[in-house]
$ cat my_file-v3.cif   # mmCIF, C-alpha atoms, pLDDT in the B column; chains and numbers go by the auth columns
data_structure
#
loop_
_atom_site.group_PDB
_atom_site.id
_atom_site.type_symbol
_atom_site.label_atom_id
_atom_site.label_comp_id
_atom_site.label_asym_id
_atom_site.label_seq_id
_atom_site.Cartn_x
_atom_site.Cartn_y
_atom_site.Cartn_z
_atom_site.B_iso_or_equiv
_atom_site.auth_seq_id
_atom_site.auth_asym_id
ATOM 1 C CA MET A 1 -16.714 -3.460 -19.757 89.00 19 A
ATOM 2 C CA ASP A 2 -15.702 -7.065 -19.094 94.00 20 A
ATOM 3 C CA CYS A 3 -14.250 -6.895 -15.556 96.00 21 A
ATOM 4 C CA LYS A 4 -13.507 -10.607 -15.403 97.00 22 A
ATOM 5 C CA LYS A 5 -11.497 -10.473 -18.614 97.00 23 A
ATOM 6 C CA VAL A 6 -9.433 -7.485 -17.435 97.00 24 A
ATOM 7 C CA ALA A 7 -8.842 -9.136 -14.060 98.00 25 A
ATOM 8 C CA LYS A 8 -7.550 -12.245 -15.785 98.00 26 A
ATOM 9 C CA GLU A 9 -5.183 -10.166 -17.946 98.00 27 A
ATOM 10 C CA LEU A 10 -3.819 -8.319 -14.902 98.00 28 A
ATOM 11 C CA TYR A 11 -3.328 -11.500 -12.913 98.00 29 A
ATOM 12 C CA LYS A 12 -1.518 -13.197 -15.794 98.00 30 A
ATOM 13 C CA ALA A 13 0.735 -10.136 -16.275 98.00 31 A
ATOM 14 C CA GLU A 14 1.692 -10.192 -12.598 97.00 32 A
ATOM 15 C CA LYS A 15 2.407 -13.916 -12.466 96.00 33 A
ATOM 16 C CA GLU A 16 4.315 -14.024 -15.760 98.00 34 A
ATOM 17 C CA ILE A 17 6.043 -10.660 -15.132 98.00 35 A
ATOM 18 C CA TYR A 18 5.145 -8.563 -18.153 98.00 36 A
ATOM 19 C CA GLN A 19 3.499 -5.165 -18.709 98.00 37 A
ATOM 20 C CA ILE A 20 0.115 -4.514 -20.304 97.00 38 A
ATOM 21 C CA ASN A 21 -1.377 -1.417 -21.933 97.00 39 A
ATOM 22 C CA THR A 22 -3.217 1.163 -19.824 96.00 40 A
ATOM 23 C CA ILE A 23 -6.587 -0.401 -18.989 97.00 41 A
ATOM 24 C CA SER A 24 -8.510 2.872 -18.884 96.00 42 A
ATOM 25 C CA ALA A 25 -7.252 3.818 -22.357 95.00 43 A
ATOM 26 C CA GLU A 26 -8.834 0.662 -23.760 93.00 44 A
ATOM 27 C CA ASN A 27 -12.005 0.899 -21.630 95.00 45 A
ATOM 28 C CA ALA A 28 -13.205 4.496 -21.758 92.00 46 A
ATOM 29 C CA ASP A 29 -16.366 3.665 -19.790 93.00 47 A
ATOM 30 C CA MET A 30 -14.439 2.173 -16.843 96.00 48 A
ATOM 31 C CA THR A 31 -15.653 3.372 -13.423 96.00 49 A
ATOM 32 C CA VAL A 32 -14.135 3.255 -9.938 94.00 50 A
ATOM 33 C CA GLU A 33 -16.716 0.577 -9.094 95.00 51 A
ATOM 34 C CA ASP A 34 -15.476 -1.490 -12.076 97.00 52 A
ATOM 35 C CA ALA A 35 -11.893 -1.077 -10.856 97.00 53 A
ATOM 36 C CA TYR A 36 -12.662 -2.340 -7.348 96.00 54 A
ATOM 37 C CA ALA A 37 -14.640 -5.243 -8.852 96.00 55 A
ATOM 38 C CA ILE A 38 -11.519 -6.186 -10.867 98.00 56 A
ATOM 39 C CA GLN A 39 -9.363 -5.941 -7.738 97.00 57 A
ATOM 40 C CA LEU A 40 -11.746 -8.188 -5.769 96.00 58 A
ATOM 41 C CA GLU A 41 -11.845 -10.699 -8.613 97.00 59 A
ATOM 42 C CA ASN A 42 -8.076 -11.125 -8.281 98.00 60 A
ATOM 43 C CA VAL A 43 -8.256 -11.213 -4.481 97.00 61 A
ATOM 44 C CA LEU A 44 -10.457 -14.292 -4.938 97.00 62 A
ATOM 45 C CA ARG A 45 -7.861 -15.766 -7.321 98.00 63 A
ATOM 46 C CA ARG A 46 -5.135 -15.215 -4.719 98.00 64 A
ATOM 47 C CA LYS A 47 -7.228 -16.894 -2.025 97.00 65 A
ATOM 48 C CA GLU A 48 -7.945 -19.847 -4.311 98.00 66 A
ATOM 49 C CA ALA A 49 -4.184 -20.130 -4.898 97.00 67 A
ATOM 50 C CA GLY A 50 -3.671 -20.470 -1.136 98.00 68 A
ATOM 51 C CA GLU A 51 -2.721 -16.894 -0.256 98.00 69 A
ATOM 52 C CA LYS A 52 -4.015 -15.416 2.997 98.00 70 A
ATOM 53 C CA ILE A 53 -5.194 -11.819 3.364 97.00 71 A
ATOM 54 C CA ILE A 54 -3.123 -10.181 6.122 98.00 72 A
ATOM 55 C CA GLY A 55 -4.334 -6.603 5.730 98.00 73 A
ATOM 56 C CA MET A 56 -4.654 -3.608 3.434 98.00 74 A
ATOM 57 C CA LYS A 57 -2.623 -0.746 1.996 98.00 75 A
ATOM 58 C CA VAL A 58 -3.864 2.804 1.531 97.00 76 A
ATOM 59 C CA GLY A 59 -2.549 4.759 -1.437 94.00 77 A
ATOM 60 C CA LEU A 60 -2.832 8.283 -2.828 90.00 78 A
ATOM 61 C CA THR A 61 -2.816 9.807 0.662 90.00 79 A
ATOM 62 C CA SER A 62 -0.805 12.888 -0.295 81.00 80 A
ATOM 63 C CA LYS A 63 -2.321 15.968 -1.919 78.00 81 A
ATOM 64 C CA GLY A 64 0.425 15.866 -4.556 70.00 82 A
ATOM 65 C CA MET A 65 -0.441 12.350 -5.730 73.00 83 A
ATOM 66 C CA GLN A 66 -4.166 13.075 -5.659 76.00 84 A
ATOM 67 C CA LYS A 67 -3.628 16.170 -7.793 79.00 85 A
ATOM 68 C CA LEU A 68 -1.445 14.185 -10.198 74.00 86 A
ATOM 69 C CA LEU A 69 -4.211 11.640 -10.811 77.00 87 A
ATOM 70 C CA GLY A 70 -7.043 14.167 -10.597 79.00 88 A
ATOM 71 C CA VAL A 71 -8.776 12.643 -7.574 80.00 89 A
ATOM 72 C CA ASN A 72 -9.831 13.872 -4.146 81.00 90 A
ATOM 73 C CA GLU A 73 -9.645 10.693 -2.086 84.00 91 A
ATOM 74 C CA PRO A 74 -7.204 7.826 -1.516 91.00 92 A
ATOM 75 C CA ASP A 75 -7.480 4.278 -2.827 94.00 93 A
ATOM 76 C CA TYR A 76 -6.641 0.884 -1.353 97.00 94 A
ATOM 77 C CA GLY A 77 -5.302 -2.558 -2.157 97.00 95 A
ATOM 78 C CA HIS A 78 -5.132 -5.940 -0.420 97.00 96 A
ATOM 79 C CA LEU A 79 -2.030 -7.399 1.259 98.00 97 A
ATOM 80 C CA THR A 80 -1.371 -11.146 1.350 98.00 98 A
ATOM 81 C CA ASP A 81 1.116 -13.332 3.177 98.00 99 A
ATOM 82 C CA LYS A 82 2.931 -13.982 -0.117 97.00 100 A
ATOM 83 C CA MET A 83 3.703 -10.260 -0.419 98.00 101 A
ATOM 84 C CA LEU A 84 5.369 -10.045 2.994 98.00 102 A
ATOM 85 C CA LEU A 85 9.175 -10.062 3.062 97.00 103 A
ATOM 86 C CA LEU A 86 10.888 -10.751 6.364 94.00 104 A
ATOM 87 C CA GLU A 87 13.300 -8.072 7.492 90.00 105 A
ATOM 88 C CA GLY A 88 16.700 -9.023 6.061 90.00 106 A
ATOM 89 C CA GLU A 89 15.146 -11.105 3.287 95.00 107 A
ATOM 90 C CA ILE A 90 16.317 -10.196 -0.217 97.00 108 A
ATOM 91 C CA CYS A 91 13.780 -8.757 -2.663 98.00 109 A
ATOM 92 C CA LYS A 92 14.306 -10.375 -6.046 98.00 110 A
ATOM 93 C CA ARG A 93 14.268 -7.583 -8.611 98.00 111 A
ATOM 94 C CA ASP A 94 13.670 -10.033 -11.485 97.00 112 A
ATOM 95 C CA GLU A 95 10.295 -10.971 -9.995 97.00 113 A
ATOM 96 C CA LEU A 96 9.072 -7.388 -10.386 98.00 114 A
ATOM 97 C CA LEU A 97 8.503 -5.087 -13.348 98.00 115 A
ATOM 98 C CA GLN A 98 9.155 -1.448 -12.437 97.00 116 A
ATOM 99 C CA PRO A 99 9.331 -1.314 -8.630 97.00 117 A
ATOM 100 C CA LYS A 100 9.548 1.730 -6.409 96.00 118 A
ATOM 101 C CA VAL A 101 10.062 2.000 -2.652 96.00 119 A
ATOM 102 C CA GLU A 102 7.909 3.961 -0.219 95.00 120 A
ATOM 103 C CA GLY A 103 8.304 4.568 3.515 96.00 121 A
ATOM 104 C CA GLU A 104 5.218 4.435 5.687 97.00 122 A
ATOM 105 C CA LEU A 105 3.759 3.481 9.043 98.00 123 A
ATOM 106 C CA ALA A 106 2.077 0.102 9.496 98.00 124 A
ATOM 107 C CA PHE A 107 -0.807 -0.148 11.966 98.00 125 A
ATOM 108 C CA CYS A 108 -1.271 -3.544 13.612 98.00 126 A
ATOM 109 C CA LEU A 109 -4.863 -3.918 14.792 98.00 127 A
ATOM 110 C CA ASN A 110 -6.090 -5.779 17.870 98.00 128 A
ATOM 111 C CA LYS A 111 -9.776 -4.959 17.340 98.00 129 A
ATOM 112 C CA ARG A 112 -12.170 -5.128 14.405 98.00 130 A
ATOM 113 C CA LEU A 113 -12.921 -1.853 12.611 98.00 131 A
ATOM 114 C CA MET A 114 -16.113 -1.735 10.569 97.00 132 A
ATOM 115 C CA GLY A 115 -17.457 1.451 9.000 97.00 133 A
ATOM 116 C CA PRO A 116 -19.297 3.643 8.380 97.00 134 A
ATOM 117 C CA GLY A 117 -18.578 6.210 11.065 98.00 135 A
ATOM 118 C CA VAL A 118 -15.085 5.064 12.083 98.00 136 A
ATOM 119 C CA THR A 119 -13.105 7.961 13.591 98.00 137 A
ATOM 120 C CA ILE A 120 -9.424 8.618 14.256 98.00 138 A
ATOM 121 C CA ALA A 121 -10.164 7.920 17.932 98.00 139 A
ATOM 122 C CA ASP A 122 -11.556 4.502 16.965 98.00 140 A
ATOM 123 C CA VAL A 123 -8.339 3.761 15.055 98.00 141 A
ATOM 124 C CA TYR A 124 -6.194 4.668 18.075 98.00 142 A
ATOM 125 C CA ASN A 125 -8.356 2.437 20.247 98.00 143 A
ATOM 126 C CA ALA A 126 -8.074 -0.498 17.812 98.00 144 A
ATOM 127 C CA THR A 127 -4.296 -0.283 17.206 98.00 145 A
ATOM 128 C CA GLU A 128 -2.033 -2.502 19.284 97.00 146 A
ATOM 129 C CA TYR A 129 1.188 -1.001 17.928 97.00 147 A
ATOM 130 C CA VAL A 130 2.744 0.732 14.918 98.00 148 A
ATOM 131 C CA VAL A 131 5.975 -0.167 13.114 98.00 149 A
ATOM 132 C CA PRO A 132 8.127 1.402 10.387 98.00 150 A
ATOM 133 C CA ALA A 133 7.351 -0.211 7.039 98.00 151 A
ATOM 134 C CA ILE A 134 8.545 -0.307 3.464 98.00 152 A
ATOM 135 C CA GLU A 135 6.019 -0.804 0.704 97.00 153 A
ATOM 136 C CA ILE A 136 7.398 -1.886 -2.645 97.00 154 A
ATOM 137 C CA VAL A 137 4.949 -0.666 -5.244 96.00 155 A
ATOM 138 C CA ASP A 138 4.924 -1.990 -8.790 97.00 156 A
ATOM 139 C CA SER A 139 2.647 -1.577 -11.765 96.00 157 A
ATOM 140 C CA ARG A 140 1.616 -4.128 -14.293 97.00 158 A
ATOM 141 C CA ILE A 141 0.609 -1.133 -16.457 96.00 159 A
ATOM 142 C CA LYS A 142 3.267 -0.173 -18.991 96.00 160 A
ATOM 143 C CA ASP A 143 5.572 2.691 -17.931 94.00 161 A
ATOM 144 C CA TRP A 144 3.377 3.606 -14.929 94.00 162 A
ATOM 145 C CA LYS A 145 0.929 5.339 -17.302 93.00 163 A
ATOM 146 C CA ILE A 146 -1.960 5.086 -14.891 91.00 164 A
ATOM 147 C CA LYS A 147 -5.148 6.824 -13.874 91.00 165 A
ATOM 148 C CA LEU A 148 -7.027 6.200 -10.631 92.00 166 A
ATOM 149 C CA VAL A 149 -9.024 3.283 -12.044 95.00 167 A
ATOM 150 C CA ASP A 150 -5.868 1.603 -13.362 95.00 168 A
ATOM 151 C CA THR A 151 -4.088 1.577 -10.011 94.00 169 A
ATOM 152 C CA ILE A 152 -7.220 0.430 -8.145 96.00 170 A
ATOM 153 C CA ALA A 153 -7.737 -2.455 -10.565 97.00 171 A
ATOM 154 C CA ASP A 154 -4.052 -3.342 -10.185 97.00 172 A
ATOM 155 C CA ASN A 155 -4.467 -3.868 -6.410 98.00 173 A
ATOM 156 C CA GLY A 156 -3.324 -0.347 -5.585 96.00 174 A
ATOM 157 C CA SER A 157 -0.087 -0.980 -7.525 96.00 175 A
ATOM 158 C CA SER A 158 1.155 -3.013 -4.576 97.00 176 A
ATOM 159 C CA ALA A 159 3.804 -5.731 -4.749 98.00 177 A
ATOM 160 C CA LYS A 160 5.695 -6.358 -1.481 98.00 178 A
ATOM 161 C CA LEU A 161 5.977 -5.056 2.076 98.00 179 A
ATOM 162 C CA VAL A 162 8.612 -5.246 4.803 98.00 180 A
ATOM 163 C CA LEU A 163 7.823 -4.536 8.458 98.00 181 A
ATOM 164 C CA GLY A 164 10.283 -3.218 11.015 97.00 182 A
ATOM 165 C CA SER A 165 10.881 -5.221 14.184 96.00 183 A
ATOM 166 C CA LYS A 166 10.446 -2.435 16.747 97.00 184 A
ATOM 167 C CA MET A 167 6.828 -2.293 17.911 97.00 185 A
ATOM 168 C CA THR A 168 5.765 1.055 19.366 98.00 186 A
ATOM 169 C CA PRO A 169 2.480 1.494 21.286 98.00 187 A
ATOM 170 C CA ILE A 170 0.399 4.040 19.397 96.00 188 A
ATOM 171 C CA GLU A 171 -0.001 6.267 22.449 95.00 189 A
ATOM 172 C CA ASN A 172 3.785 6.821 22.365 96.00 190 A
ATOM 173 C CA VAL A 173 3.729 8.266 18.837 96.00 191 A
ATOM 174 C CA ASP A 174 2.779 11.798 17.789 96.00 192 A
ATOM 175 C CA MET A 175 1.274 10.748 14.476 95.00 193 A
ATOM 176 C CA ARG A 176 1.338 14.199 12.924 96.00 194 A
ATOM 177 C CA LEU A 177 4.843 15.211 13.935 97.00 195 A
ATOM 178 C CA VAL A 178 6.797 11.943 13.794 97.00 196 A
ATOM 179 C CA GLY A 179 9.623 12.342 11.270 98.00 197 A
ATOM 180 C CA MET A 180 10.699 9.845 8.612 97.00 198 A
ATOM 181 C CA ASN A 181 13.961 9.518 6.678 98.00 199 A
ATOM 182 C CA LEU A 182 14.279 7.489 3.481 97.00 200 A
ATOM 183 C CA GLU A 183 17.822 6.444 2.549 98.00 201 A
ATOM 184 C CA LYS A 184 18.944 4.848 -0.714 98.00 202 A
ATOM 185 C CA ASN A 185 22.375 3.199 -0.788 98.00 203 A
ATOM 186 C CA GLY A 186 23.414 5.101 2.337 98.00 204 A
ATOM 187 C CA GLU A 187 22.312 8.520 1.077 98.00 205 A
ATOM 188 C CA LEU A 188 19.379 10.466 2.469 98.00 206 A
ATOM 189 C CA VAL A 189 16.952 10.965 -0.437 97.00 207 A
ATOM 190 C CA SER A 190 13.819 12.287 1.258 95.00 208 A
ATOM 191 C CA THR A 191 12.336 13.302 4.602 96.00 209 A
ATOM 192 C CA GLY A 192 8.818 13.983 5.799 95.00 210 A
ATOM 193 C CA THR A 193 6.423 13.824 8.728 97.00 211 A
ATOM 194 C CA GLY A 194 3.287 11.850 9.446 96.00 212 A
ATOM 195 C CA ALA A 195 1.196 14.930 8.654 96.00 213 A
ATOM 196 C CA GLU A 196 1.941 14.296 4.941 94.00 214 A
ATOM 197 C CA VAL A 197 -0.494 11.352 5.152 95.00 215 A
ATOM 198 C CA LEU A 198 -3.973 12.948 5.202 94.00 216 A
ATOM 199 C CA GLY A 199 -2.834 15.159 8.081 95.00 217 A
ATOM 200 C CA ASN A 200 -2.511 12.080 10.315 97.00 218 A
ATOM 201 C CA PRO A 201 -1.784 8.477 9.243 97.00 219 A
ATOM 202 C CA ALA A 202 -4.593 7.309 11.546 98.00 220 A
ATOM 203 C CA ALA A 203 -6.986 9.310 9.350 97.00 221 A
ATOM 204 C CA ALA A 204 -5.968 7.098 6.416 96.00 222 A
ATOM 205 C CA VAL A 205 -6.893 3.978 8.408 98.00 223 A
ATOM 206 C CA ALA A 206 -10.243 5.522 9.380 98.00 224 A
ATOM 207 C CA TRP A 207 -10.901 6.419 5.723 96.00 225 A
ATOM 208 C CA LEU A 208 -10.099 2.832 4.747 97.00 226 A
ATOM 209 C CA ALA A 209 -12.469 1.298 7.305 98.00 227 A
ATOM 210 C CA ASN A 210 -15.259 3.573 6.130 97.00 228 A
ATOM 211 C CA LYS A 211 -14.558 2.977 2.428 95.00 229 A
ATOM 212 C CA LEU A 212 -14.450 -0.792 2.883 95.00 230 A
ATOM 213 C CA SER A 213 -17.892 -0.715 4.516 95.00 231 A
ATOM 214 C CA GLU A 214 -19.320 0.215 1.095 92.00 232 A
ATOM 215 C CA PHE A 215 -18.336 -3.308 0.008 89.00 233 A
ATOM 216 C CA GLY A 216 -19.361 -5.010 3.268 92.00 234 A
ATOM 217 C CA ILE A 217 -15.718 -5.532 4.261 92.00 235 A
ATOM 218 C CA ALA A 218 -14.219 -4.903 7.716 96.00 236 A
ATOM 219 C CA LEU A 219 -10.666 -4.475 8.952 97.00 237 A
ATOM 220 C CA GLU A 220 -10.183 -7.506 11.172 97.00 238 A
ATOM 221 C CA GLU A 221 -8.300 -8.066 14.407 98.00 239 A
ATOM 222 C CA GLY A 222 -4.701 -8.946 13.519 98.00 240 A
ATOM 223 C CA ASN A 223 -4.783 -7.039 10.211 98.00 241 A
ATOM 224 C CA ILE A 224 -1.853 -4.892 9.121 98.00 242 A
ATOM 225 C CA VAL A 225 -2.680 -1.557 7.491 98.00 243 A
ATOM 226 C CA LEU A 226 -0.069 0.381 5.528 98.00 244 A
ATOM 227 C CA ALA A 227 -1.263 3.952 5.994 97.00 245 A
ATOM 228 C CA GLY A 228 0.330 5.541 2.927 96.00 246 A
ATOM 229 C CA ALA A 229 3.635 6.974 1.756 94.00 247 A
ATOM 230 C CA VAL A 230 5.162 9.842 3.721 94.00 248 A
ATOM 231 C CA THR A 231 7.342 10.960 0.782 92.00 249 A
ATOM 232 C CA ALA A 232 7.645 10.316 -2.948 89.00 250 A
ATOM 233 C CA ALA A 233 8.513 6.788 -4.099 92.00 251 A
ATOM 234 C CA GLU A 234 12.076 5.969 -5.178 95.00 252 A
ATOM 235 C CA VAL A 235 12.914 3.732 -8.159 97.00 253 A
ATOM 236 C CA ALA A 236 14.543 0.422 -7.179 98.00 254 A
ATOM 237 C CA GLU A 237 17.113 -1.495 -9.224 98.00 255 A
ATOM 238 C CA LYS A 238 19.330 -4.538 -8.591 98.00 256 A
ATOM 239 C CA GLY A 239 21.860 -3.890 -5.836 98.00 257 A
ATOM 240 C CA ASP A 240 19.915 -1.021 -4.250 98.00 258 A
ATOM 241 C CA ILE A 241 19.510 -0.922 -0.472 98.00 259 A
ATOM 242 C CA PHE A 242 16.771 1.188 1.130 98.00 260 A
ATOM 243 C CA THR A 243 16.332 2.088 4.794 98.00 261 A
ATOM 244 C CA VAL A 244 13.288 3.803 6.287 98.00 262 A
ATOM 245 C CA SER A 245 13.648 5.299 9.773 98.00 263 A
ATOM 246 C CA PHE A 246 10.975 6.879 11.957 98.00 264 A
ATOM 247 C CA GLN A 247 12.055 9.128 14.808 97.00 265 A
ATOM 248 C CA GLY A 248 12.157 7.110 18.028 97.00 266 A
ATOM 249 C CA MET A 249 10.565 4.092 16.328 97.00 267 A
ATOM 250 C CA GLY A 250 13.493 2.288 14.766 97.00 268 A
ATOM 251 C CA SER A 251 14.050 1.464 11.116 98.00 269 A
ATOM 252 C CA VAL A 252 13.497 -1.143 8.418 98.00 270 A
ATOM 253 C CA THR A 253 15.764 -2.080 5.484 98.00 271 A
ATOM 254 C CA VAL A 254 15.323 -3.949 2.193 98.00 272 A
ATOM 255 C CA LYS A 255 17.912 -4.985 -0.397 98.00 273 A
ATOM 256 C CA PHE A 256 17.220 -5.739 -4.054 98.00 274 A
ATOM 257 C CA LYS A 257 19.228 -8.445 -5.802 97.00 275 A
#
$ encode --input "my_file-v3.cif" --output "structure tokens"
Amino acid sequence: MDCKKVAKELYKAEKEIYQINTISAENADMTVEDAYAIQLENVLRRKEAGEKIIGMKVGLTSKGMQKLLGVNEPDYGHLTDKMLLLEGEICKRDELLQPKVEGELAFCLNKRLMGPGVTIADVYNATEYVVPAIEIVDSRIKDWKIKLVDTIADNGSSAKLVLGSKMTPIENVDMRLVGMNLEKNGELVSTGTGAEVLGNPAAAVAWLANKLSEFGIALEEGNIVLAGAVTAAEVAEKGDIFTVSFQGMGSVTVKFK
């Protein structure tokens, strides 16, 4: 398949805000390696456009999502400074196609993590603090009709992120048991615990560091890692307000306009 051509189509769809047909349906021979090559092609485009890589997001960390897409491991996407919304900043719904909101923990690293062989203990040792985070996922693929390779190619279906302002040292958080609430327009819509994310959100970061090593990439000091959604994503429309709260760790809010 022509990875460069597909990458160009995806990039254009994102910038001009329109949906394209399912990539895998039109490229039956598409592999996971092809999908990551497409993602990296557009990472280079973003860098050339002046965007700075600030970290990574891990997706498909729940057994339910993996079963839905018929896979047995997560995926990842790149985060850039242009994707970061400041807390209190409005998210412009018209700049997105079919956004959904997820609540997760963000790990802020103060040491480099390079696989293979990275363990959960290594992640704890390399994490300066964790904060509540909102990831706004979006798909350039029409009607979210995606397979694993489609979401990987589409940068893990990522669009925006918002970080909470309360920084908690990782040793003060029970990663497995910490509870999360997701509220939409003042109503509680879902709850979960950190254990929903590969049993421990730090395990998702370790998986990421080890997966990235296959491409010669490291998680760098200062990187932000979104460890994966604790609960199912919620559809976002104009006027919606979402708040994600983690027990004892504060909260983070985003409004769509």
$ closest_residue --input "my_file-v3.cif" --among "A:Leu97, A:Val149, A:Ala224, A:Leu237" --to "Arg64 (chain A)" --atoms "all atoms listed in the file"
A:Leu97
$ atom_distance --input "my_file-v3.cif" --atom1 "CA of Leu179 (chain A)" --atom2 "CA of Val61 (chain A)"
16.8 Å
$ resolve_selection --input "my_file-v3.cif" --expression "the PyMOL selection byres ((chain A and resi 190-195) around 9)" --output "list of chain:residue names"
A:Val148, A:Thr186, A:Pro187, A:Ile188, A:Glu189, A:Val196, A:Gly197, A:Thr211, A:Gly212, A:Ala213, A:Glu214, A:Val215, A:Gly217, A:Asn218, A:Pro219, A:Ala220, A:Gly266, A:Met267
$ closest_atom_pairs --input "my_file-v3.cif" --of "region 135-192 of chain A" --to "region 48-51 of chain A" --cutoff "10 Å" --atoms "only C-alpha atoms" --output "CSV"
residue,atom,partner,partner_atom,distance
A:Leu166,CA,A:Val50,CA,7.7
A:Val167,CA,A:Val50,CA,5.5
A:Asp168,CA,A:Val50,CA,9.1
A:Ile170,CA,A:Val50,CA,7.7
A:Ala171,CA,A:Val50,CA,8.6
$ closest_residue --input "my_file-v3.cif" --among "A:Lys118, A:Gly73, A:His96, A:Glu146" --to "Glu255 (chain A)" --atoms "all atoms listed in the file"
A:Lys118
$ closest_residue --input "my_file-v3.cif" --among "A:Cys109, A:Leu62, A:Ala236, A:Leu123" --to "Gln265 (chain A)" --atoms "all atoms listed in the file"
A:Leu123
